[in-house]
>>> print(open('work05.pdb').read())   # PDB, C-alpha atoms, pLDDT in the B column
ATOM      1  CA  MET Q   1     -35.051-111.865-220.917  1.00 40.00           C
ATOM      2  CA  SER Q   2     -32.466-112.546-223.645  1.00 42.00           C
ATOM      3  CA  HIS Q   3     -28.725-112.161-223.101  1.00 45.00           C
ATOM      4  CA  SER Q   4     -28.702-109.490-225.808  1.00 45.00           C
ATOM      5  CA  ALA Q   5     -30.902-107.157-223.732  1.00 47.00           C
ATOM      6  CA  PRO Q   6     -29.266-103.810-222.911  1.00 48.00           C
ATOM      7  CA  ARG Q   7     -27.434-103.841-219.592  1.00 46.00           C
ATOM      8  CA  HIS Q   8     -29.359-100.829-218.207  1.00 46.00           C
ATOM      9  CA  ILE Q   9     -32.693-102.661-218.660  1.00 53.00           C
ATOM     10  CA  LEU Q  10     -31.438-105.613-216.629  1.00 51.00           C
ATOM     11  CA  GLY Q  11     -30.133-103.231-213.991  1.00 67.00           C
ATOM     12  CA  THR Q  12     -33.424-101.380-213.784  1.00 88.00           C
ATOM     13  CA  PHE Q  13     -35.377-104.607-213.253  1.00 92.00           C
ATOM     14  CA  ASP Q  14     -32.881-105.815-210.655  1.00 91.00           C
ATOM     15  CA  ALA Q  15     -33.108-102.494-208.813  1.00 93.00           C
ATOM     16  CA  ALA Q  16     -36.918-102.575-208.839  1.00 93.00           C
ATOM     17  CA  LEU Q  17     -37.004-106.190-207.624  1.00 94.00           C
ATOM     18  CA  ASN Q  18     -34.437-105.436-204.914  1.00 94.00           C
ATOM     19  CA  ALA Q  19     -36.530-102.480-203.681  1.00 95.00           C
ATOM     20  CA  LEU Q  20     -39.646-104.681-203.646  1.00 96.00           C
ATOM     21  CA  GLN Q  21     -37.930-107.405-201.624  1.00 95.00           C
ATOM     22  CA  ASN Q  22     -36.426-104.867-199.213  1.00 96.00           C
ATOM     23  CA  ASN Q  23     -39.908-103.550-198.494  1.00 97.00           C
ATOM     24  CA  VAL Q  24     -41.093-107.107-197.802  1.00 97.00           C
ATOM     25  CA  LEU Q  25     -38.237-107.580-195.330  1.00 97.00           C
ATOM     26  CA  MET Q  26     -39.018-104.229-193.672  1.00 97.00           C
ATOM     27  CA  MET Q  27     -42.643-105.336-193.389  1.00 98.00           C
ATOM     28  CA  ALA Q  28     -41.467-108.642-191.898  1.00 98.00           C
ATOM     29  CA  SER Q  29     -39.431-106.839-189.229  1.00 97.00           C
ATOM     30  CA  LEU Q  30     -42.394-104.640-188.270  1.00 97.00           C
ATOM     31  CA  THR Q  31     -44.742-107.627-188.154  1.00 98.00           C
ATOM     32  CA  GLU Q  32     -42.421-109.615-185.893  1.00 97.00           C
ATOM     33  CA  ARG Q  33     -42.130-106.600-183.588  1.00 97.00           C
ATOM     34  CA  ASN Q  34     -45.916-106.161-183.467  1.00 97.00           C
ATOM     35  CA  LEU Q  35     -46.392-109.803-182.529  1.00 97.00           C
ATOM     36  CA  HIS Q  36     -43.721-109.625-179.848  1.00 97.00           C
ATOM     37  CA  ASN Q  37     -45.312-106.484-178.359  1.00 97.00           C
ATOM     38  CA  ALA Q  38     -48.781-108.059-178.350  1.00 97.00           C
ATOM     39  CA  MET Q  39     -47.626-111.155-176.473  1.00 96.00           C
ATOM     40  CA  SER Q  40     -45.377-109.179-174.128  1.00 96.00           C
ATOM     41  CA  CYS Q  41     -48.413-107.067-173.291  1.00 96.00           C
ATOM     42  CA  LEU Q  42     -50.264-110.234-172.287  1.00 96.00           C
ATOM     43  CA  LEU Q  43     -47.474-111.938-170.366  1.00 95.00           C
ATOM     44  CA  LYS Q  44     -46.281-108.751-168.618  1.00 95.00           C
ATOM     45  CA  ARG Q  45     -49.807-107.291-168.231  1.00 96.00           C
ATOM     46  CA  ASP Q  46     -48.599-104.051-169.829  1.00 96.00           C
ATOM     47  CA  ASP Q  47     -51.362-102.217-171.714  1.00 96.00           C
ATOM     48  CA  ASP Q  48     -48.888 -99.778-173.280  1.00 97.00           C
ATOM     49  CA  LEU Q  49     -47.361-102.610-175.324  1.00 96.00           C
ATOM     50  CA  CYS Q  50     -50.839-103.613-176.517  1.00 96.00           C
ATOM     51  CA  ASN Q  51     -51.494-100.053-177.659  1.00 96.00           C
ATOM     52  CA  VAL Q  52     -48.176 -99.892-179.529  1.00 97.00           C
ATOM     53  CA  SER Q  53     -48.907-103.167-181.334  1.00 96.00           C
ATOM     54  CA  ILE Q  54     -52.347-101.955-182.408  1.00 96.00           C
ATOM     55  CA  ALA Q  55     -51.105 -98.531-183.532  1.00 96.00           C
ATOM     56  CA  ASP Q  56     -48.175 -99.938-185.535  1.00 96.00           C
ATOM     57  CA  ASP Q  57     -50.484-102.132-187.630  1.00 96.00           C
ATOM     58  CA  GLU Q  58     -51.242 -99.119-189.838  1.00 96.00           C
ATOM     59  CA  GLU Q  59     -47.616 -98.995-191.021  1.00 97.00           C
ATOM     60  CA  VAL Q  60     -47.772-102.678-191.988  1.00 97.00           C
ATOM     61  CA  ASP Q  61     -51.014-102.108-193.907  1.00 96.00           C
ATOM     62  CA  GLN Q  62     -49.470 -99.211-195.849  1.00 97.00           C
ATOM     63  CA  LEU Q  63     -46.416-101.280-196.748  1.00 97.00           C
ATOM     64  CA  GLU Q  64     -48.628-104.079-198.074  1.00 97.00           C
ATOM     65  CA  LYS Q  65     -50.429-101.597-200.347  1.00 97.00           C
ATOM     66  CA  ARG Q  66     -47.116-100.233-201.596  1.00 96.00           C
ATOM     67  CA  ILE Q  67     -45.705-103.714-202.267  1.00 97.00           C
ATOM     68  CA  ASP Q  68     -48.830-104.723-204.172  1.00 96.00           C
ATOM     69  CA  GLN Q  69     -48.716-101.570-206.304  1.00 96.00           C
ATOM     70  CA  ASP Q  70     -44.970-101.820-206.938  1.00 95.00           C
ATOM     71  CA  GLY Q  71     -45.275-105.528-207.789  1.00 96.00           C
ATOM     72  CA  ILE Q  72     -48.050-104.906-210.309  1.00 95.00           C
ATOM     73  CA  ASP Q  73     -46.066-102.015-211.793  1.00 94.00           C
ATOM     74  CA  LEU Q  74     -42.977-104.229-212.074  1.00 94.00           C
ATOM     75  CA  LEU Q  75     -44.952-106.979-213.829  1.00 94.00           C
ATOM     76  CA  ARG Q  76     -46.455-104.464-216.234  1.00 93.00           C
ATOM     77  CA  ARG Q  77     -43.185-102.692-217.051  1.00 92.00           C
ATOM     78  CA  PHE Q  78     -40.832-105.652-217.399  1.00 93.00           C
ATOM     79  CA  GLN Q  79     -43.088-108.678-218.053  1.00 91.00           C
ATOM     80  CA  PRO Q  80     -40.570-110.971-216.306  1.00 90.00           C
ATOM     81  CA  VAL Q  81     -40.421-114.659-217.068  1.00 88.00           C
ATOM     82  CA  ALA Q  82     -39.443-117.833-215.147  1.00 85.00           C
ATOM     83  CA  SER Q  83     -37.487-117.230-211.938  1.00 86.00           C
ATOM     84  CA  ASP Q  84     -37.885-113.443-212.147  1.00 93.00           C
ATOM     85  CA  LEU Q  85     -41.658-113.817-212.324  1.00 93.00           C
ATOM     86  CA  ARG Q  86     -41.660-116.207-209.363  1.00 93.00           C
ATOM     87  CA  GLN Q  87     -39.728-113.703-207.257  1.00 94.00           C
ATOM     88  CA  VAL Q  88     -42.186-110.885-207.934  1.00 96.00           C
ATOM     89  CA  VAL Q  89     -45.259-113.049-207.314  1.00 95.00           C
ATOM     90  CA  ALA Q  90     -43.748-114.508-204.129  1.00 95.00           C
ATOM     91  CA  ALA Q  91     -42.905-111.063-202.753  1.00 97.00           C
ATOM     92  CA  MET Q  92     -46.553-110.023-203.151  1.00 97.00           C
ATOM     93  CA  LYS Q  93     -47.817-113.265-201.575  1.00 97.00           C
ATOM     94  CA  VAL Q  94     -45.414-113.044-198.626  1.00 97.00           C
ATOM     95  CA  SER Q  95     -46.554-109.452-198.093  1.00 98.00           C
ATOM     96  CA  GLY Q  96     -50.175-110.598-197.938  1.00 97.00           C
ATOM     97  CA  ASN Q  97     -49.356-113.247-195.329  1.00 98.00           C
ATOM     98  CA  LEU Q  98     -47.402-110.722-193.259  1.00 98.00           C
ATOM     99  CA  GLU Q  99     -50.370-108.341-193.284  1.00 98.00           C
ATOM    100  CA  ARG Q 100     -52.609-111.129-191.972  1.00 98.00           C
ATOM    101  CA  ILE Q 101     -50.070-111.998-189.265  1.00 98.00           C
ATOM    102  CA  ALA Q 102     -50.028-108.340-188.192  1.00 98.00           C
ATOM    103  CA  ASP Q 103     -53.833-108.530-187.977  1.00 98.00           C
ATOM    104  CA  GLN Q 104     -53.459-111.506-185.635  1.00 98.00           C
ATOM    105  CA  ALA Q 105     -51.107-109.388-183.495  1.00 98.00           C
ATOM    106  CA  VAL Q 106     -53.844-106.754-183.235  1.00 98.00           C
ATOM    107  CA  ASN Q 107     -56.390-109.429-182.285  1.00 98.00           C
ATOM    108  CA  ILE Q 108     -54.043-110.768-179.587  1.00 98.00           C
ATOM    109  CA  ALA Q 109     -53.372-107.259-178.257  1.00 98.00           C
ATOM    110  CA  ARG Q 110     -57.064-106.395-177.984  1.00 98.00           C
ATOM    111  CA  LYS Q 111     -57.892-109.583-176.102  1.00 97.00           C
ATOM    112  CA  ALA Q 112     -54.774-109.231-173.948  1.00 97.00           C
ATOM    113  CA  ARG Q 113     -55.895-105.776-172.901  1.00 96.00           C
ATOM    114  CA  LYS Q 114     -59.186-107.243-171.685  1.00 96.00           C
ATOM    115  CA  LEU Q 115     -57.386-110.005-169.777  1.00 97.00           C
ATOM    116  CA  ASN Q 116     -55.049-107.463-168.185  1.00 96.00           C
ATOM    117  CA  HIS Q 117     -58.057-105.792-166.552  1.00 96.00           C
ATOM    118  CA  ALA Q 118     -59.184-109.051-164.932  1.00 96.00           C
ATOM    119  CA  PRO Q 119     -57.495-111.149-162.222  1.00 96.00           C
ATOM    120  CA  ALA Q 120     -54.505-113.065-163.603  1.00 94.00           C
ATOM    121  CA  LEU Q 121     -55.125-116.541-165.017  1.00 95.00           C
ATOM    122  CA  GLU Q 122     -52.467-119.208-164.581  1.00 92.00           C
ATOM    123  CA  GLU Q 123     -53.403-120.714-167.971  1.00 93.00           C
ATOM    124  CA  ILE Q 124     -52.175-117.611-169.811  1.00 95.00           C
ATOM    125  CA  HIS Q 125     -48.578-118.793-169.399  1.00 94.00           C
ATOM    126  CA  ARG Q 126     -49.422-121.969-171.312  1.00 94.00           C
ATOM    127  CA  LEU Q 127     -49.620-119.714-174.370  1.00 96.00           C
ATOM    128  CA  ASP Q 128     -45.930-118.810-174.095  1.00 95.00           C
ATOM    129  CA  PRO Q 129     -44.356-122.008-175.542  1.00 96.00           C
ATOM    130  CA  MET Q 130     -46.959-122.078-178.306  1.00 96.00           C
ATOM    131  CA  PHE Q 131     -46.201-118.461-179.175  1.00 97.00           C
ATOM    132  CA  SER Q 132     -42.432-119.080-179.049  1.00 97.00           C
ATOM    133  CA  GLU Q 133     -42.748-121.907-181.574  1.00 97.00           C
ATOM    134  CA  ALA Q 134     -44.998-119.859-183.894  1.00 97.00           C
ATOM    135  CA  MET Q 135     -42.523-116.954-183.745  1.00 97.00           C
ATOM    136  CA  SER Q 136     -39.631-119.330-184.458  1.00 97.00           C
ATOM    137  CA  MET Q 137     -41.543-120.714-187.453  1.00 98.00           C
ATOM    138  CA  LEU Q 138     -42.160-117.195-188.733  1.00 98.00           C
ATOM    139  CA  HIS Q 139     -38.525-116.196-188.287  1.00 97.00           C
ATOM    140  CA  ASP Q 140     -37.254-119.326-190.058  1.00 98.00           C
ATOM    141  CA  SER Q 141     -39.758-119.060-192.913  1.00 97.00           C
ATOM    142  CA  LEU Q 142     -38.696-115.454-193.507  1.00 97.00           C
ATOM    143  CA  ARG Q 143     -35.017-116.461-193.382  1.00 97.00           C
ATOM    144  CA  ALA Q 144     -35.726-119.241-195.883  1.00 97.00           C
ATOM    145  CA  TYR Q 145     -37.471-116.740-198.165  1.00 96.00           C
ATOM    146  CA  SER Q 146     -34.710-114.131-197.838  1.00 95.00           C
ATOM    147  CA  ASP Q 147     -31.839-116.627-198.322  1.00 96.00           C
ATOM    148  CA  GLY Q 148     -33.531-118.827-200.930  1.00 94.00           C
ATOM    149  CA  ASP Q 149     -33.161-121.808-198.591  1.00 96.00           C
ATOM    150  CA  ALA Q 150     -35.671-124.435-199.748  1.00 95.00           C
ATOM    151  CA  GLU Q 151     -34.458-127.042-197.255  1.00 96.00           C
ATOM    152  CA  LEU Q 152     -35.096-124.777-194.264  1.00 97.00           C
ATOM    153  CA  ALA Q 153     -38.495-123.873-195.725  1.00 96.00           C
ATOM    154  CA  ARG Q 154     -39.466-127.553-195.928  1.00 95.00           C
ATOM    155  CA  THR Q 155     -38.984-127.953-192.152  1.00 95.00           C
ATOM    156  CA  ILE Q 156     -41.822-125.537-191.332  1.00 95.00           C
ATOM    157  CA  LYS Q 157     -44.894-127.647-192.157  1.00 92.00           C
ATOM    158  CA  PRO Q 158     -44.292-130.363-189.481  1.00 92.00           C
ATOM    159  CA  ARG Q 159     -43.759-127.609-186.906  1.00 94.00           C
ATOM    160  CA  ASP Q 160     -47.114-126.108-187.835  1.00 93.00           C
ATOM    161  CA  ARG Q 161     -48.783-129.369-186.846  1.00 92.00           C
ATOM    162  CA  ALA Q 162     -47.043-129.143-183.461  1.00 93.00           C
ATOM    163  CA  VAL Q 163     -48.508-125.672-182.874  1.00 96.00           C
ATOM    164  CA  ASP Q 164     -51.957-126.976-183.844  1.00 95.00           C
ATOM    165  CA  ALA Q 165     -51.575-129.791-181.288  1.00 96.00           C
ATOM    166  CA  MET Q 166     -50.584-127.314-178.552  1.00 96.00           C
ATOM    167  CA  ALA Q 167     -53.641-125.194-179.324  1.00 96.00           C
ATOM    168  CA  LYS Q 168     -55.907-128.215-179.100  1.00 96.00           C
ATOM    169  CA  GLU Q 169     -54.406-129.315-175.774  1.00 96.00           C
ATOM    170  CA  LEU Q 170     -54.756-125.811-174.334  1.00 96.00           C
ATOM    171  CA  ALA Q 171     -58.402-125.595-175.440  1.00 96.00           C
ATOM    172  CA  GLU Q 172     -59.140-128.869-173.611  1.00 96.00           C
ATOM    173  CA  ILE Q 173     -57.489-127.637-170.395  1.00 95.00           C
ATOM    174  CA  VAL Q 174     -59.246-124.273-170.500  1.00 96.00           C
ATOM    175  CA  THR Q 175     -62.622-125.851-171.258  1.00 95.00           C
ATOM    176  CA  THR Q 176     -62.285-127.905-168.081  1.00 95.00           C
ATOM    177  CA  GLN Q 177     -61.425-124.767-166.131  1.00 94.00           C
ATOM    178  CA  MET Q 178     -64.568-123.070-167.454  1.00 95.00           C
ATOM    179  CA  GLN Q 179     -66.641-125.755-165.773  1.00 94.00           C
ATOM    180  CA  ASN Q 180     -64.764-125.254-162.493  1.00 94.00           C
ATOM    181  CA  SER Q 181     -64.913-121.424-162.604  1.00 95.00           C
ATOM    182  CA  PRO Q 182     -67.993-120.398-164.609  1.00 95.00           C
ATOM    183  CA  GLU Q 183     -67.631-116.785-163.465  1.00 96.00           C
ATOM    184  CA  ARG Q 184     -64.425-116.567-165.578  1.00 96.00           C
ATOM    185  CA  ILE Q 185     -65.897-117.993-168.795  1.00 96.00           C
ATOM    186  CA  THR Q 186     -65.352-114.773-170.758  1.00 97.00           C
ATOM    187  CA  ASP Q 187     -61.700-114.616-169.701  1.00 97.00           C
ATOM    188  CA  TYR Q 188     -61.124-118.273-170.546  1.00 97.00           C
ATOM    189  CA  LEU Q 189     -62.721-117.753-173.952  1.00 97.00           C
ATOM    190  CA  ASN Q 190     -60.253-114.943-174.625  1.00 97.00           C
ATOM    191  CA  VAL Q 191     -57.396-117.337-173.812  1.00 97.00           C
ATOM    192  CA  ILE Q 192     -58.791-119.833-176.334  1.00 97.00           C
ATOM    193  CA  PHE Q 193     -59.185-117.074-178.948  1.00 97.00           C
ATOM    194  CA  ILE Q 194     -55.578-115.945-178.421  1.00 98.00           C
ATOM    195  CA  ALA Q 195     -54.428-119.549-178.912  1.00 97.00           C
ATOM    196  CA  ARG Q 196     -56.324-119.586-182.201  1.00 97.00           C
ATOM    197  CA  HIS Q 197     -54.707-116.323-183.274  1.00 98.00           C
ATOM    198  CA  ILE Q 198     -51.274-117.821-182.543  1.00 98.00           C
ATOM    199  CA  GLU Q 199     -52.289-120.920-184.497  1.00 97.00           C
ATOM    200  CA  ARG Q 200     -53.134-118.669-187.448  1.00 97.00           C
ATOM    201  CA  VAL Q 201     -49.671-117.084-187.212  1.00 98.00           C
ATOM    202  CA  GLY Q 202     -48.250-120.590-187.654  1.00 97.00           C
ATOM    203  CA  ASP Q 203     -50.489-121.153-190.672  1.00 97.00           C
ATOM    204  CA  HIS Q 204     -49.266-117.957-192.340  1.00 98.00           C
ATOM    205  CA  ALA Q 205     -45.638-118.805-191.523  1.00 98.00           C
ATOM    206  CA  LYS Q 206     -46.222-122.123-193.295  1.00 96.00           C
ATOM    207  CA  ASN Q 207     -47.595-120.221-196.301  1.00 96.00           C
ATOM    208  CA  ILE Q 208     -44.474-118.042-196.401  1.00 97.00           C
ATOM    209  CA  ALA Q 209     -42.310-121.183-196.288  1.00 96.00           C
ATOM    210  CA  GLU Q 210     -44.267-122.604-199.229  1.00 95.00           C
ATOM    211  CA  ASP Q 211     -43.581-119.385-201.165  1.00 95.00           C
ATOM    212  CA  ALA Q 212     -39.877-119.706-200.292  1.00 95.00           C
ATOM    213  CA  VAL Q 213     -39.811-123.206-201.840  1.00 94.00           C
ATOM    214  CA  TYR Q 214     -41.696-121.866-204.885  1.00 91.00           C
ATOM    215  CA  VAL Q 215     -39.032-119.203-205.445  1.00 92.00           C
ATOM    216  CA  ALA Q 216     -35.953-121.314-204.696  1.00 88.00           C
ATOM    217  CA  ALA Q 217     -36.950-124.654-206.226  1.00 82.00           C
ATOM    218  CA  ALA Q 218     -39.771-123.775-208.650  1.00 66.00           C
ATOM    219  CA  GLU Q 219     -41.953-126.272-206.791  1.00 70.00           C
ATOM    220  CA  ASP Q 220     -45.489-125.806-205.477  1.00 63.00           C
ATOM    221  CA  ILE Q 221     -45.763-127.724-202.177  1.00 60.00           C
ATOM    222  CA  ARG Q 222     -49.151-126.347-201.138  1.00 69.00           C
ATOM    223  CA  HIS Q 223     -51.640-129.053-200.109  1.00 61.00           C
ATOM    224  CA  SER Q 224     -48.779-131.563-200.027  1.00 61.00           C
ATOM    225  CA  HIS Q 225     -48.854-133.996-197.110  1.00 56.00           C
ATOM    226  CA  ALA Q 226     -45.293-135.216-197.537  1.00 48.00           C
ATOM    227  CA  GLN Q 227     -43.101-135.053-194.432  1.00 44.00           C
TER     228      GLN Q 227
END
>>> encode(input="work05.pdb", output="structure tokens")
Amino acid sequence: MSHSAPRHILGTFDAALNALQNNVLMMASLTERNLHNAMSCLLKRDDDLCNVSIADDEEVDQLEKRIDQDGIDLLRRFQPVASDLRQVVAAMKVSGNLERIADQAVNIARKARKLNHAPALEEIHRLDPMFSEAMSMLHDSLRAYSDGDAELARTIKPRDRAVDAMAKELAEIVTTQMQNSPERITDYLNVIFIARHIERVGDHAKNIAEDAVYVAAAEDIRHSHAQ
């Protein structure tokens, strides 16, 4: 937009973009809460927390729809260029990743509820450090996006590989336990599935970090294998 553009037009775009980004951050807060409730349900064997996580997913879904619609409307009305365009596109992409993370919270909660109705498995607590790292990745990627911190965003990808390694190690341990306790195969499979859901949270956190770099540094680091 040229410097000769009327001040009220700039203000209107800024206000619309600010509202869009605030909705993304509200969605982020809800998603983090849903994930925390889902895992607390599992670790504390509290079905009520599972039910809250599942029920609250609807609010996340509605926010994603609103962000998509508002983003498209903003692009149509203002036709932003350069950094303004990147900010609108990134807000919509971050929203999509948050919706998928909230879906993983629902998946975790549903499997946790099943595990809560069976005798406790010691291996469940091996999920805790993996979940803590995935949550830390998500929190940092969202902070990088909110603050425009490309350097923080670039630290996320190596951490994603660490979560993947933890999931692989857990799967190997649980597979051995299946052979020792075949009557608990279904329960052990649910533990493996929950590990995969946590792994997917890490993947989406990495995507959000990539969008943060795209906004702050105008650089596309997707599919890059650089450290």
>>> atom_distance(input="work05.pdb", atom1="CA of Ala195 (chain Q)", atom2="CA of Ala167 (chain Q)")
5.7 Å
>>> residues_around(input="work05.pdb", residues="region 160-163 of chain Q", least_positions_apart="5", cutoff="9 Å", atoms="all atoms listed in the file", output="VMD selection string")
chain Q and resid 130 to 131 133 to 134 137 168 198 to 199 202 to 203 205 to 206
>>> resolve_selection(input="work05.pdb", expression="the PyMOL selection byres ((chain Q and resi 40) around 12)", output="tab-separated table (two decimals) with C-alpha atoms, in the frame of the given file")
chain	number	residue	atom	x	y	z
Q	33	ARG	CA	-42.13	-106.60	-183.59
Q	34	ASN	CA	-45.92	-106.16	-183.47
Q	35	LEU	CA	-46.39	-109.80	-182.53
Q	36	HIS	CA	-43.72	-109.62	-179.85
Q	37	ASN	CA	-45.31	-106.48	-178.36
Q	38	ALA	CA	-48.78	-108.06	-178.35
Q	39	MET	CA	-47.63	-111.16	-176.47
Q	41	CYS	CA	-48.41	-107.07	-173.29
Q	42	LEU	CA	-50.26	-110.23	-172.29
Q	43	LEU	CA	-47.47	-111.94	-170.37
Q	44	LYS	CA	-46.28	-108.75	-168.62
Q	45	ARG	CA	-49.81	-107.29	-168.23
Q	46	ASP	CA	-48.60	-104.05	-169.83
Q	47	ASP	CA	-51.36	-102.22	-171.71
Q	48	ASP	CA	-48.89	-99.78	-173.28
Q	49	LEU	CA	-47.36	-102.61	-175.32
Q	50	CYS	CA	-50.84	-103.61	-176.52
Q	51	ASN	CA	-51.49	-100.05	-177.66
Q	52	VAL	CA	-48.18	-99.89	-179.53
Q	53	SER	CA	-48.91	-103.17	-181.33
Q	105	ALA	CA	-51.11	-109.39	-183.50
Q	108	ILE	CA	-54.04	-110.77	-179.59
Q	109	ALA	CA	-53.37	-107.26	-178.26
Q	112	ALA	CA	-54.77	-109.23	-173.95
Q	113	ARG	CA	-55.90	-105.78	-172.90
Q	116	ASN	CA	-55.05	-107.46	-168.18
Q	124	ILE	CA	-52.18	-117.61	-169.81
Q	125	HIS	CA	-48.58	-118.79	-169.40
Q	127	LEU	CA	-49.62	-119.71	-174.37
Q	128	ASP	CA	-45.93	-118.81	-174.10
Q	131	PHE	CA	-46.20	-118.46	-179.18
Q	132	SER	CA	-42.43	-119.08	-179.05
>>> closest_residue(input="work05.pdb", among="Q:Leu63, Q:Gly71, Q:Ile194, Q:Thr186", to="Asp84 (chain Q)", atoms="all atoms listed in the file")
Q:Gly71
>>> atom_distance(input="work05.pdb", atom1="CA of Gln21 (chain Q)", atom2="CA of Ala217 (chain Q)")
17.9 Å
>>> resolve_selection(input="work05.pdb", expression="the PyMOL selection byres ((chain Q and resi 92) around 9)", output="PyMOL selection string")
chain Q and resi 20+24+64+67-68+71-72+87-91+93-97
>>> atom_distance(input="work05.pdb", atom1="CA of Leu121 (chain Q)", atom2="CA of Asn107 (chain Q)")
18.7 Å
>>> residues_around(input="work05.pdb", residues="region 172-182 of chain Q", least_positions_apart="6", cutoff="9 Å", atoms="all atoms listed in the file", output="compact mmCIF listing (two decimals) with C-alpha atoms, keeping the file's coordinate frame")
# COMPACT_ATOMS: atom_id res chain seq x y z
CA GLU Q 123 -53.40 -120.71 -167.97
CA TYR Q 188 -61.12 -118.27 -170.55
CA LEU Q 189 -62.72 -117.75 -173.95
CA VAL Q 191 -57.40 -117.34 -173.81
CA ILE Q 192 -58.79 -119.83 -176.33
>>> closest_residue(input="work05.pdb", among="Q:Arg196, Q:Lys111, Q:Arg76, Q:His204", to="His139 (chain Q)", atoms="all atoms listed in the file")
Q:His204
>>> residues_around(input="work05.pdb", residues="Leu142 (chain Q)", least_positions_apart="6", cutoff="8 Å", atoms="all atoms listed in the file", output="PDB file with C-alpha atoms, in the coordinates of the input")
ATOM      1  CA  ALA Q  28     -41.467-108.642-191.898  1.00 98.00           C
ATOM      2  CA  ALA Q 205     -45.638-118.805-191.523  1.00 98.00           C
ATOM      3  CA  ILE Q 208     -44.474-118.042-196.401  1.00 97.00           C
ATOM      4  CA  ALA Q 209     -42.310-121.183-196.288  1.00 96.00           C
TER       5      ALA Q 209
END
>>> residues_around(input="work05.pdb", residues="Ala153 (chain Q)", least_positions_apart="2", cutoff="8 Å", atoms="all atoms listed in the file", output="list in words")
Asp140, Ser141, Ala144, Tyr145, Asp149, Ala150, Glu151, Thr155, Ile156, Ala209, Glu210, Ala212 and Val213 of chain Q
>>> closest_residue(input="work05.pdb", among="Q:Gln104, Q:Ser29, Q:Gln69, Q:Asn18", to="Ile54 (chain Q)", atoms="only C-alpha atoms")
Q:Gln104
>>> closest_residue(input="work05.pdb", among="Q:Val60, Q:Arg143, Q:Val215, Q:Asp187", to="Ala82 (chain Q)", atoms="all atoms listed in the file")
Q:Val215
>>> closest_residue(input="work05.pdb", among="Q:Glu169, Q:Glu183, Q:Asp103, Q:Asp57", to="Arg200 (chain Q)", atoms="all atoms listed in the file")
Q:Asp103
>>> axis_aligned_box(input="work05.pdb", around="region 97-103 of chain Q", padding_each_side="8 Å", output="AutoDock Vina command-line options")
--center_x -50.6 --center_y -110.8 --center_z -191.7 --size_x 22.4 --size_y 20.9 --size_z 23.4
>>> closest_residue(input="work05.pdb", among="Q:Gln62, Q:Thr31, Q:Asn190, Q:Asn22", to="Met135 (chain Q)", atoms="all atoms listed in the file")
Q:Thr31
